[in-house]
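Novice: Sending over data03.tsv (TSV, C-alpha atoms).
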```tsv
chain	number	residue	atom	x	y	z
H	84	MET	CA	14.64	17.30	-4.90
H	85	ALA	CA	17.75	16.26	-2.97
H	86	ALA	CA	15.93	13.19	-1.68
H	87	ALA	CA	14.85	12.24	-5.20
H	88	LEU	CA	18.43	12.55	-6.47
H	89	ALA	CA	19.78	10.51	-3.56
H	90	VAL	CA	17.27	7.71	-4.20
H	91	ALA	CA	18.02	7.76	-7.95
H	92	ALA	CA	21.78	7.59	-7.26
H	93	ALA	CA	21.33	4.69	-4.81
H	94	ALA	CA	19.18	2.85	-7.37
H	95	ALA	CA	21.83	3.38	-10.06
H	96	VAL	CA	24.58	1.99	-7.79
H	97	LEU	CA	22.34	-0.98	-6.95
H	98	PHE	CA	21.66	-1.59	-10.65
H	99	VAL	CA	25.33	-1.60	-11.65
H	100	PHE	CA	26.88	-3.48	-8.71
H	101	ASP	CA	25.65	-6.84	-7.48
H	102	PRO	CA	25.43	-6.79	-3.65
H	103	SER	CA	26.29	-10.50	-3.48
H	104	THR	CA	29.76	-9.83	-4.95
H	105	ALA	CA	30.52	-6.14	-4.35
H	106	GLY	CA	31.82	-5.61	-0.84
H	107	PHE	CA	30.70	-2.12	0.01
H	108	PHE	CA	27.02	-2.78	0.66
H	109	PRO	CA	25.87	-2.80	4.30
H	110	VAL	CA	25.63	-6.23	5.89
H	111	CYS	CA	22.80	-7.23	8.16
H	112	ALA	CA	23.94	-6.90	11.77
H	113	LEU	CA	21.45	-9.51	12.99
H	114	HIS	CA	22.61	-12.04	10.39
H	115	GLU	CA	26.26	-11.34	11.24
H	116	MET	CA	25.65	-11.92	14.93
H	117	THR	CA	23.13	-14.74	15.08
H	118	GLY	CA	22.99	-16.26	11.61
H	119	LEU	CA	19.25	-15.60	11.59
H	120	GLN	CA	17.64	-14.18	8.47
H	121	CYS	CA	15.58	-11.05	9.14
H	122	PRO	CA	12.59	-10.25	6.91
H	123	GLY	CA	14.71	-7.83	4.89
H	124	CYS	CA	17.76	-10.10	4.39
H	125	GLY	CA	18.51	-10.53	0.70
H	126	GLY	CA	16.34	-7.55	-0.16
H	127	LEU	CA	19.12	-5.57	-1.85
H	128	ARG	CA	20.33	-8.62	-3.78
H	129	ALA	CA	16.74	-9.37	-4.79
H	130	ALA	CA	16.25	-5.76	-5.95
H	131	HIS	CA	19.42	-6.06	-8.05
H	132	GLN	CA	18.21	-9.30	-9.67
H	133	LEU	CA	14.76	-7.84	-10.22
H	134	ALA	CA	16.21	-4.76	-11.89
H	135	HIS	CA	17.95	-7.10	-14.33
H	136	GLY	CA	14.75	-9.03	-15.02
H	137	HIS	CA	15.70	-12.18	-13.06
H	138	ILE	CA	12.44	-12.65	-11.22
H	139	ALA	CA	13.05	-16.25	-10.17
H	140	ALA	CA	16.48	-15.43	-8.75
H	141	ALA	CA	14.98	-12.46	-6.89
H	142	CYS	CA	12.24	-14.66	-5.41
H	143	ARG	CA	14.83	-17.16	-4.14
H	144	LEU	CA	16.71	-14.36	-2.38
H	145	ASN	CA	13.72	-12.62	-0.80
H	146	PRO	CA	10.14	-13.12	-2.06
H	147	LEU	CA	8.80	-10.51	0.33
H	148	ALA	CA	11.07	-7.84	-1.16
H	149	VAL	CA	9.91	-8.82	-4.65
H	150	ALA	CA	6.30	-8.33	-3.52
H	151	LEU	CA	6.96	-5.04	-1.76
H	152	LEU	CA	9.28	-3.34	-4.26
H	153	PRO	CA	6.48	-2.36	-6.68
H	154	VAL	CA	4.59	-0.88	-3.71
H	155	ALA	CA	7.65	1.13	-2.64
H	156	LEU	CA	8.19	2.20	-6.26
H	157	TRP	CA	4.62	3.46	-6.52
H	158	LEU	CA	4.82	5.36	-3.22
H	159	GLY	CA	8.15	6.92	-4.19
H	160	LEU	CA	6.91	7.98	-7.62
H	161	ARG	CA	3.77	9.36	-6.02
H	162	GLU	CA	5.81	11.54	-3.64
H	163	ALA	CA	8.03	12.72	-6.51
H	164	VAL	CA	5.05	13.59	-8.73
H	165	ARG	CA	3.44	15.53	-5.92
H	166	ALA	CA	6.65	17.40	-5.09
H	167	PHE	CA	7.33	18.39	-8.70
H	168	THR	CA	3.89	18.84	-10.25
H	169	GLY	CA	1.50	19.06	-7.31
H	170	ARG	CA	-0.71	16.34	-8.77
H	171	GLN	CA	-2.05	13.69	-6.44
H	172	TRP	CA	-1.86	10.02	-7.44
H	173	PRO	CA	-4.09	7.61	-5.56
H	174	GLY	CA	-2.45	6.27	-2.41
H	175	LEU	CA	-2.09	2.58	-1.59
H	176	VAL	CA	-2.11	2.69	2.21
H	177	THR	CA	-5.52	4.28	2.57
H	178	ARG	CA	-6.49	2.51	5.82
H	179	PRO	CA	-4.51	1.66	8.95
H	180	LEU	CA	-5.74	-1.95	8.56
H	181	PHE	CA	-3.51	-2.36	5.49
H	182	GLY	CA	-0.52	-1.39	7.61
H	183	TRP	CA	-1.39	-3.96	10.29
H	184	LEU	CA	-1.81	-6.72	7.68
H	185	LEU	CA	1.48	-5.80	6.01
H	186	ALA	CA	3.30	-5.75	9.35
H	187	ALA	CA	1.80	-9.16	10.24
H	188	ALA	CA	2.97	-10.52	6.87
H	189	VAL	CA	6.49	-9.18	7.50
H	190	VAL	CA	6.71	-10.79	10.96
H	191	LEU	CA	5.24	-14.09	9.70
H	192	PHE	CA	7.73	-14.17	6.83
H	193	GLY	CA	10.57	-13.46	9.25
H	194	LEU	CA	9.49	-16.41	11.41
H	195	LEU	CA	8.91	-18.85	8.54
H	196	ARG	CA	12.21	-18.26	6.77
H	197	ASN	CA	14.14	-19.12	9.94
H	198	LEU	CA	12.40	-22.42	10.65
H	199	PRO	CA	14.63	-25.42	9.88
H	200	PHE	CA	12.40	-26.95	7.18
H	201	HIS	CA	12.92	-23.87	5.05
H	202	ALA	CA	15.82	-24.43	2.67
H	203	THR	CA	16.80	-20.88	1.72
H	204	PRO	CA	20.61	-20.58	1.74
F	10	MET	CA	-2.82	39.16	11.27
F	11	TYR	CA	-4.74	35.98	10.49
F	12	LYS	CA	-4.32	32.66	8.74
F	13	ILE	CA	-7.25	30.92	7.06
F	14	ILE	CA	-7.90	27.52	5.56
F	15	GLY	CA	-9.37	27.92	2.10
F	16	ALA	CA	-11.95	25.76	0.38
F	17	ASP	CA	-9.00	23.85	-1.13
F	18	LYS	CA	-7.81	22.86	2.42
F	19	LYS	CA	-4.65	24.93	2.05
F	20	GLU	CA	-3.47	27.48	4.55
F	21	TYR	CA	-3.37	31.10	3.48
F	22	GLY	CA	-1.78	33.97	5.29
F	23	PRO	CA	-0.79	35.58	7.47
F	24	VAL	CA	-2.91	38.41	6.08
F	25	SER	CA	-4.44	41.52	7.63
F	26	ALA	CA	-8.01	41.91	8.90
F	27	ASP	CA	-8.76	44.23	5.98
F	28	GLN	CA	-7.67	41.53	3.54
F	29	ILE	CA	-10.00	39.04	5.26
F	30	ARG	CA	-12.88	41.55	5.00
F	31	GLN	CA	-12.16	41.95	1.31
F	32	TRP	CA	-12.16	38.16	0.85
F	33	ILE	CA	-15.50	38.05	2.66
F	34	ALA	CA	-16.84	40.71	0.27
F	35	GLU	CA	-15.59	38.67	-2.68
F	36	GLY	CA	-17.24	35.54	-1.33
F	37	ARG	CA	-13.93	33.70	-0.92
F	38	VAL	CA	-14.32	33.54	2.87
F	39	ASN	CA	-17.58	32.84	4.72
F	40	GLY	CA	-18.72	32.44	8.31
F	41	GLN	CA	-17.64	28.81	8.46
F	42	THR	CA	-14.13	29.37	7.10
F	43	LYS	CA	-11.53	28.26	9.66
F	44	ILE	CA	-9.39	31.14	10.84
F	45	GLN	CA	-6.52	31.48	13.31
F	46	ALA	CA	-5.45	34.80	14.80
F	47	ALA	CA	-1.69	35.38	15.06
F	48	GLY	CA	-0.49	34.00	18.38
F	49	ALA	CA	-3.69	32.06	19.04
F	50	ALA	CA	-3.40	28.29	19.38
F	51	GLU	CA	-6.80	27.17	18.11
F	52	TRP	CA	-8.67	27.53	14.86
F	53	LYS	CA	-12.05	29.24	14.98
F	54	SER	CA	-14.65	29.98	12.36
F	55	VAL	CA	-14.83	33.52	11.02
F	56	ALA	CA	-18.33	33.92	12.53
F	57	GLU	CA	-16.81	33.45	16.00
F	58	MET	CA	-14.41	36.38	15.56
F	59	PRO	CA	-16.26	39.52	16.69
F	60	GLU	CA	-13.89	41.84	14.81
F	61	LEU	CA	-14.57	40.06	11.50
F	62	ALA	CA	-18.13	38.78	11.90
F	63	GLY	CA	-19.46	42.28	11.17
F	64	ALA	CA	-18.17	42.02	7.62
F	65	LEU	CA	-20.12	38.83	6.98
F	66	PRO	CA	-23.30	39.09	4.90
F	67	GLU	CA	-26.56	39.15	6.92
F	68	THR	CA	-27.67	35.66	5.84
F	69	SER	CA	-24.96	33.85	7.73
F	70	SER	CA	-26.47	34.86	11.12
F	71	PRO	CA	-23.78	36.72	13.05
F	72	ALA	CA	-25.38	35.73	16.38
F	73	PRO	CA	-23.00	33.38	18.23
F	74	THR	CA	-25.04	30.18	18.01
F	75	PRO	CA	-22.45	27.45	17.63
F	76	ALA	CA	-25.09	24.71	17.67
F	77	VAL	CA	-26.25	25.60	14.15
F	78	PRO	CA	-23.89	24.23	11.51
F	79	ALA	CA	-24.76	26.18	8.38
F	80	THR	CA	-22.51	24.19	6.04
F	81	PRO	CA	-24.75	21.78	4.13
F	82	LEU	CA	-21.91	19.56	2.93
F	83	PRO	CA	-19.31	18.51	5.52
F	84	ALA	CA	-15.88	18.92	3.97
F	85	GLN	CA	-13.97	15.67	3.54
F	86	PRO	CA	-11.05	15.78	5.98
F	87	ALA	CA	-7.56	15.36	4.56
F	88	THR	CA	-5.25	12.68	5.94
F	89	SER	CA	-2.10	13.77	7.74
F	90	GLN	CA	0.84	12.78	5.53
F	91	MET	CA	3.07	12.63	8.58
F	92	ALA	CA	0.81	10.01	10.15
F	93	VAL	CA	0.94	7.91	6.96
F	94	TRP	CA	4.72	8.17	6.91
F	95	ALA	CA	4.84	7.13	10.55
F	96	MET	CA	3.06	3.90	9.57
F	97	VAL	CA	5.30	3.31	6.54
F	98	THR	CA	8.38	3.85	8.74
F	99	GLY	CA	6.92	1.49	11.32
F	100	ILE	CA	6.60	-1.28	8.72
F	101	CYS	CA	10.15	-0.58	7.50
F	102	SER	CA	11.47	-0.83	11.06
F	103	LEU	CA	10.19	-4.43	11.21
F	104	LEU	CA	11.59	-5.15	7.77
F	105	CYS	CA	15.17	-3.99	8.18
F	106	CYS	CA	16.81	-5.48	11.21
F	107	CYS	CA	20.09	-3.74	10.31
F	108	GLY	CA	18.68	-0.31	11.07
F	109	TRP	CA	15.79	-1.05	13.41
F	110	TRP	CA	17.42	0.95	16.21
F	111	LEU	CA	17.41	3.93	13.83
F	112	VAL	CA	14.13	3.44	11.96
F	113	ALA	CA	11.92	2.33	14.84
F	114	PRO	CA	12.54	5.49	16.95
F	115	ALA	CA	11.88	7.54	13.80
F	116	ALA	CA	8.50	5.82	13.42
F	117	ILE	CA	7.64	6.50	17.07
F	118	VAL	CA	8.69	10.17	16.85
F	119	LEU	CA	6.86	10.72	13.55
F	120	GLY	CA	3.73	9.13	14.99
F	121	ALA	CA	3.88	11.20	18.17
F	122	VAL	CA	4.42	14.44	16.25
F	123	ALA	CA	1.55	13.54	13.91
F	124	LEU	CA	-0.77	12.90	16.87
F	125	TYR	CA	0.22	16.26	18.34
F	126	GLN	CA	-0.37	17.94	14.99
F	127	LEU	CA	-3.79	16.30	14.66
F	128	LYS	CA	-4.86	17.77	18.00
F	129	SER	CA	-4.46	21.37	16.81
F	130	ARG	CA	-5.59	20.83	13.22
F	131	PRO	CA	-9.19	19.61	13.26
F	132	GLU	CA	-9.32	19.52	9.46
F	133	LEU	CA	-6.82	16.62	9.40
F	134	THR	CA	-7.42	12.93	10.14
F	135	GLY	CA	-5.09	9.96	10.41
F	136	GLY	CA	-4.80	9.13	14.10
F	137	GLY	CA	-5.07	5.44	13.22
F	138	PHE	CA	-2.03	5.67	10.95
F	139	ALA	CA	-0.03	7.49	13.63
F	140	ILE	CA	-0.88	4.91	16.31
F	141	THR	CA	-0.04	2.06	13.91
F	142	GLY	CA	3.37	3.62	13.32
F	143	ILE	CA	4.06	4.05	17.03
F	144	VAL	CA	2.99	0.49	17.89
F	145	LEU	CA	4.98	-1.09	15.03
F	146	GLY	CA	8.05	0.91	16.06
F	147	ILE	CA	7.73	-0.36	19.64
F	148	VAL	CA	7.18	-3.94	18.42
F	149	ALA	CA	10.34	-3.72	16.27
F	150	ILE	CA	12.36	-2.47	19.23
F	151	LEU	CA	11.00	-5.29	21.41
F	152	ILE	CA	11.66	-8.08	18.86
F	153	TYR	CA	15.09	-7.02	17.63
F	154	GLY	CA	16.16	-5.58	20.97
F	155	ALA	CA	15.29	-8.85	22.67
F	156	LEU	CA	17.20	-10.84	20.02
F	157	THR	CA	20.24	-8.61	20.41
F	158	VAL	CA	20.22	-8.80	24.20
F	159	PHE	CA	19.71	-12.56	24.04
F	160	TYR	CA	22.67	-12.90	21.68
F	161	ILE	CA	24.89	-10.78	23.90
F	162	CYS	CA	23.99	-12.93	26.92
F	163	ASN	CA	24.31	-16.27	25.07
F	164	PRO	CA	26.82	-15.78	22.25
F	165	ASP	CA	27.04	-19.48	21.40
F	166	TYR	CA	23.32	-20.26	21.36
F	167	PHE	CA	22.66	-19.51	17.69
F	168	GLN	CA	25.87	-21.21	16.54
F	169	ASN	CA	24.83	-24.40	18.35
F	170	LEU	CA	21.34	-24.07	16.88
F	171	GLN	CA	22.74	-23.89	13.35
F	172	ASN	CA	25.10	-26.82	13.90
F	173	HIS	CA	22.15	-28.77	15.26
F	174	PHE	CA	20.13	-28.31	12.06
F	175	GLN	CA	23.02	-28.73	9.65
F	176	PRO	CA	22.86	-32.09	7.85
```
What do you get writing this file as structure tokens?
Specialist:
Amino acid sequence: MAAALAVAAAAAVLFVFDPSTAGFFPVCALHEMTGLQCPGCGGLRAAHQLAHGHIAAACRLNPLAVALLPVALWLGLREAVRAFTGRQWPGLVTRPLFGWLLAAAVVLFGLLRNLPFHATP
Amino acid sequence: MYKIIGADKKEYGPVSADQIRQWIAEGRVNGQTKIQAAGAAEWKSVAEMPELAGALPETSSPAPTPAVPATPLPAQPATSQMAVWAMVTGICSLLCCCGWWLVAPAAIVLGAVALYQLKSRPELTGGGFAITGIVLGIVAILIYGALTVFYICNPDYFQNLQNHFQP
């Protein structure tokens, strides 16, 4: 219950304030230090754009986050439904293999977006 | 006092031996039902408990012959939710470099606890998820830890790299 409220509050803050202009969002320590983009960099900004229906802008900021947000949304809703009603929605991560593939995709994306031919600001 | 695992895979109890005998009489508990005596570490079947086996109906052969599994349909094991969360946390630890030092240890701890839990709860599966979480947590620590250490040792390296690629 408390966790659900905390997540809802965080989502509301993220919906109202744009992380690229508001100053109180956490900055990426790795990006601050090295200038490298980690796989999650731009994820909050992308989530903000996505929540306002700007899919293209979200994809420019972090395409991986755009792909993974629906997954996270489903898993979160599934936990909430189970906690409140006891009903079990089908899970997405039903085999460890899916986790390995997802992790490989995350690492690959992290490598690719830091190579010089990639033009993401 | 005893705890049992019902046909719905949920734990019930602790309840008294008399309650268990009544459940046996009502057909809610049978010889194959998993049961754990208070203070005991492992789960046994009711037929293996001499103080309760007497209450079982004759058909379920009270003789201690563990080699004869009487259950015709093997119950589908449930997946440990903690193991699944260990894997999800492991993926997140790779994703968010800002908090990897916080999230990656959480993935490793969750995975280790899940593995420990799986040892004592034979009705649960999910060791693969737990190991995935542990490995991904370690990989995140190695990648981001190495980057951090490298940056601390060579503070100018990445600045030079960026200047090099700037048009």
Novice: Can you tell me how far CA of Met91 in chain F sits from CA of Ala139 in chain F, in Å to one decimal?
Specialist: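 About the pair CA of Met91 in chain F and CA of Ala139 in chain F: they are 7.8 Å apart.
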Novice: Report as a ChimeraX atom specification all protein, DNA and RNA residues lying within 10 Å of range 16-22 of chain F, evaluated on all atoms listed in the file, omitting residues in the same chain fewer than 5 positions from it.
Specialist: /F:10-11,28-29,37-38,42-45,47,84-87,132-133
Novice: Looking at H:Leu147, H:Pro102, H:Gln132, H:Trp157, which one is nearest to chain F, with distances taken over all atoms listed in the file?
Specialist: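 Checking each of H:Leu147, H:Pro102, H:Gln132, H:Trp157 against chain F, counting all atoms listed in the file, the winner is H:Leu147.
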Novice: Just need the box for range 117-120 of chain F, edges along x, y and z, holding every atom the file lists for it with 3 Å tacked onto each side, so centre and edge lengths in Å to one decimal, as lines of an AutoDock Vina configuration file.
Specialist:
```
center_x = 6.2
center_y = 8.6
center_z = 15.3
size_x = 11.0
size_y = 10.2
size_z = 9.5
```
Novice: CA of Phe181 in chain H and CA of Gly142 in chain F are how many Å apart?
Specialist: 12.0 Å
Novice: What does the structure give for the distance between CA of Phe192 in chain H and CA of Cys121 in chain H, in Å to one decimal?
Specialist: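 Between CA of Phe192 in chain H and CA of Cys121 in chain H the gap works out to 8.8 Å.
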Novice: May I ask you to extract the residues of chain F within 6 Å of chain H, using all atoms listed in the file, and to give them as a ChimeraX atom specification?
Specialist: /F:100,104-105,107,137-138,167
Novice: Let's have the selection written as a compact mmCIF listing (two decimals), in the coordinates of the input, with C-alpha atoms.
Specialist:
```
# COMPACT_ATOMS: atom_id res chain seq x y z
CA ILE F 100 6.60 -1.28 8.72
CA LEU F 104 11.59 -5.15 7.77
CA CYS F 105 15.17 -3.99 8.18
CA CYS F 107 20.09 -3.74 10.31
CA GLY F 137 -5.07 5.44 13.22
CA PHE F 138 -2.03 5.67 10.95
CA PHE F 167 22.66 -19.51 17.69
```
Novice: Can I get range 113-124 of chain F with all heavy atoms filled in, as a PDB file, keeping the file's coordinate frame?
Specialist:
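Written file, rebuild.pdb:
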```pdb
ATOM      1  N   ALA F 113      13.035   2.465  13.908  1.00  0.00           N
ATOM      2  CA  ALA F 113      11.920   2.330  14.840  1.00  0.00           C
ATOM      3  C   ALA F 113      11.708   3.605  15.676  1.00  0.00           C
ATOM      4  O   ALA F 113      10.578   4.073  15.799  1.00  0.00           O
ATOM      5  CB  ALA F 113      12.131   1.110  15.749  1.00  0.00           C
ATOM      6  N   PRO F 114      12.765   4.216  16.244  1.00  0.00           N
ATOM      7  CA  PRO F 114      12.540   5.490  16.950  1.00  0.00           C
ATOM      8  C   PRO F 114      11.987   6.561  16.022  1.00  0.00           C
ATOM      9  O   PRO F 114      11.143   7.370  16.437  1.00  0.00           O
ATOM     10  CB  PRO F 114      13.929   5.869  17.467  1.00  0.00           C
ATOM     11  CG  PRO F 114      14.671   4.594  17.538  1.00  0.00           C
ATOM     12  CD  PRO F 114      14.157   3.754  16.418  1.00  0.00           C
ATOM     13  N   ALA F 115      12.417   6.553  14.745  1.00  0.00           N
ATOM     14  CA  ALA F 115      11.880   7.540  13.800  1.00  0.00           C
ATOM     15  C   ALA F 115      10.381   7.350  13.631  1.00  0.00           C
ATOM     16  O   ALA F 115       9.622   8.333  13.588  1.00  0.00           O
ATOM     17  CB  ALA F 115      12.591   7.393  12.449  1.00  0.00           C
ATOM     18  N   ALA F 116       9.939   6.085  13.560  1.00  0.00           N
ATOM     19  CA  ALA F 116       8.500   5.820  13.420  1.00  0.00           C
ATOM     20  C   ALA F 116       7.748   6.324  14.645  1.00  0.00           C
ATOM     21  O   ALA F 116       6.674   6.934  14.525  1.00  0.00           O
ATOM     22  CB  ALA F 116       8.268   4.314  13.243  1.00  0.00           C
ATOM     23  N   ILE F 117       8.317   6.086  15.838  1.00  0.00           N
ATOM     24  CA  ILE F 117       7.640   6.500  17.070  1.00  0.00           C
ATOM     25  C   ILE F 117       7.559   8.026  17.134  1.00  0.00           C
ATOM     26  O   ILE F 117       6.511   8.602  17.444  1.00  0.00           O
ATOM     27  CB  ILE F 117       8.372   5.926  18.298  1.00  0.00           C
ATOM     28  CG1 ILE F 117       8.271   4.392  18.280  1.00  0.00           C
ATOM     29  CG2 ILE F 117       7.793   6.479  19.581  1.00  0.00           C
ATOM     30  CD1 ILE F 117       9.157   3.708  19.278  1.00  0.00           C
ATOM     31  N   VAL F 118       8.676   8.701  16.792  1.00  0.00           N
ATOM     32  CA  VAL F 118       8.690  10.170  16.850  1.00  0.00           C
ATOM     33  C   VAL F 118       7.727  10.761  15.825  1.00  0.00           C
ATOM     34  O   VAL F 118       6.921  11.650  16.140  1.00  0.00           O
ATOM     35  CB  VAL F 118      10.130  10.690  16.623  1.00  0.00           C
ATOM     36  CG1 VAL F 118      10.126  12.194  16.412  1.00  0.00           C
ATOM     37  CG2 VAL F 118      11.010  10.330  17.811  1.00  0.00           C
ATOM     38  N   LEU F 119       7.772  10.234  14.596  1.00  0.00           N
ATOM     39  CA  LEU F 119       6.860  10.720  13.550  1.00  0.00           C
ATOM     40  C   LEU F 119       5.404  10.555  13.992  1.00  0.00           C
ATOM     41  O   LEU F 119       4.581  11.461  13.826  1.00  0.00           O
ATOM     42  CB  LEU F 119       7.082   9.958  12.247  1.00  0.00           C
ATOM     43  CG  LEU F 119       8.147  10.470  11.287  1.00  0.00           C
ATOM     44  CD1 LEU F 119       8.292   9.509  10.125  1.00  0.00           C
ATOM     45  CD2 LEU F 119       7.777  11.848  10.778  1.00  0.00           C
ATOM     46  N   GLY F 120       5.097   9.391  14.551  1.00  0.00           N
ATOM     47  CA  GLY F 120       3.730   9.130  14.990  1.00  0.00           C
ATOM     48  C   GLY F 120       3.302  10.075  16.103  1.00  0.00           C
ATOM     49  O   GLY F 120       2.187  10.608  16.088  1.00  0.00           O
ATOM     50  N   ALA F 121       4.215  10.311  17.056  1.00  0.00           N
ATOM     51  CA  ALA F 121       3.880  11.200  18.170  1.00  0.00           C
ATOM     52  C   ALA F 121       3.671  12.623  17.677  1.00  0.00           C
ATOM     53  O   ALA F 121       2.715  13.306  18.075  1.00  0.00           O
ATOM     54  CB  ALA F 121       4.989  11.146  19.227  1.00  0.00           C
ATOM     55  N   VAL F 122       4.560  13.085  16.781  1.00  0.00           N
ATOM     56  CA  VAL F 122       4.420  14.440  16.250  1.00  0.00           C
ATOM     57  C   VAL F 122       3.118  14.563  15.461  1.00  0.00           C
ATOM     58  O   VAL F 122       2.407  15.571  15.549  1.00  0.00           O
ATOM     59  CB  VAL F 122       5.641  14.813  15.373  1.00  0.00           C
ATOM     60  CG1 VAL F 122       5.421  16.142  14.680  1.00  0.00           C
ATOM     61  CG2 VAL F 122       6.898  14.865  16.210  1.00  0.00           C
ATOM     62  N   ALA F 123       2.783  13.508  14.691  1.00  0.00           N
ATOM     63  CA  ALA F 123       1.550  13.540  13.910  1.00  0.00           C
ATOM     64  C   ALA F 123       0.332  13.619  14.825  1.00  0.00           C
ATOM     65  O   ALA F 123      -0.605  14.379  14.568  1.00  0.00           O
ATOM     66  CB  ALA F 123       1.462  12.294  13.018  1.00  0.00           C
ATOM     67  N   LEU F 124       0.352  12.844  15.927  1.00  0.00           N
ATOM     68  CA  LEU F 124      -0.770  12.900  16.870  1.00  0.00           C
ATOM     69  C   LEU F 124      -0.911  14.297  17.460  1.00  0.00           C
ATOM     70  O   LEU F 124      -2.017  14.835  17.590  1.00  0.00           O
ATOM     71  CB  LEU F 124      -0.559  11.881  18.007  1.00  0.00           C
ATOM     72  CG  LEU F 124      -0.908  10.432  17.709  1.00  0.00           C
ATOM     73  CD1 LEU F 124      -0.726   9.594  18.956  1.00  0.00           C
ATOM     74  CD2 LEU F 124      -2.327  10.303  17.203  1.00  0.00           C
TER      75      LEU F 124
END
```
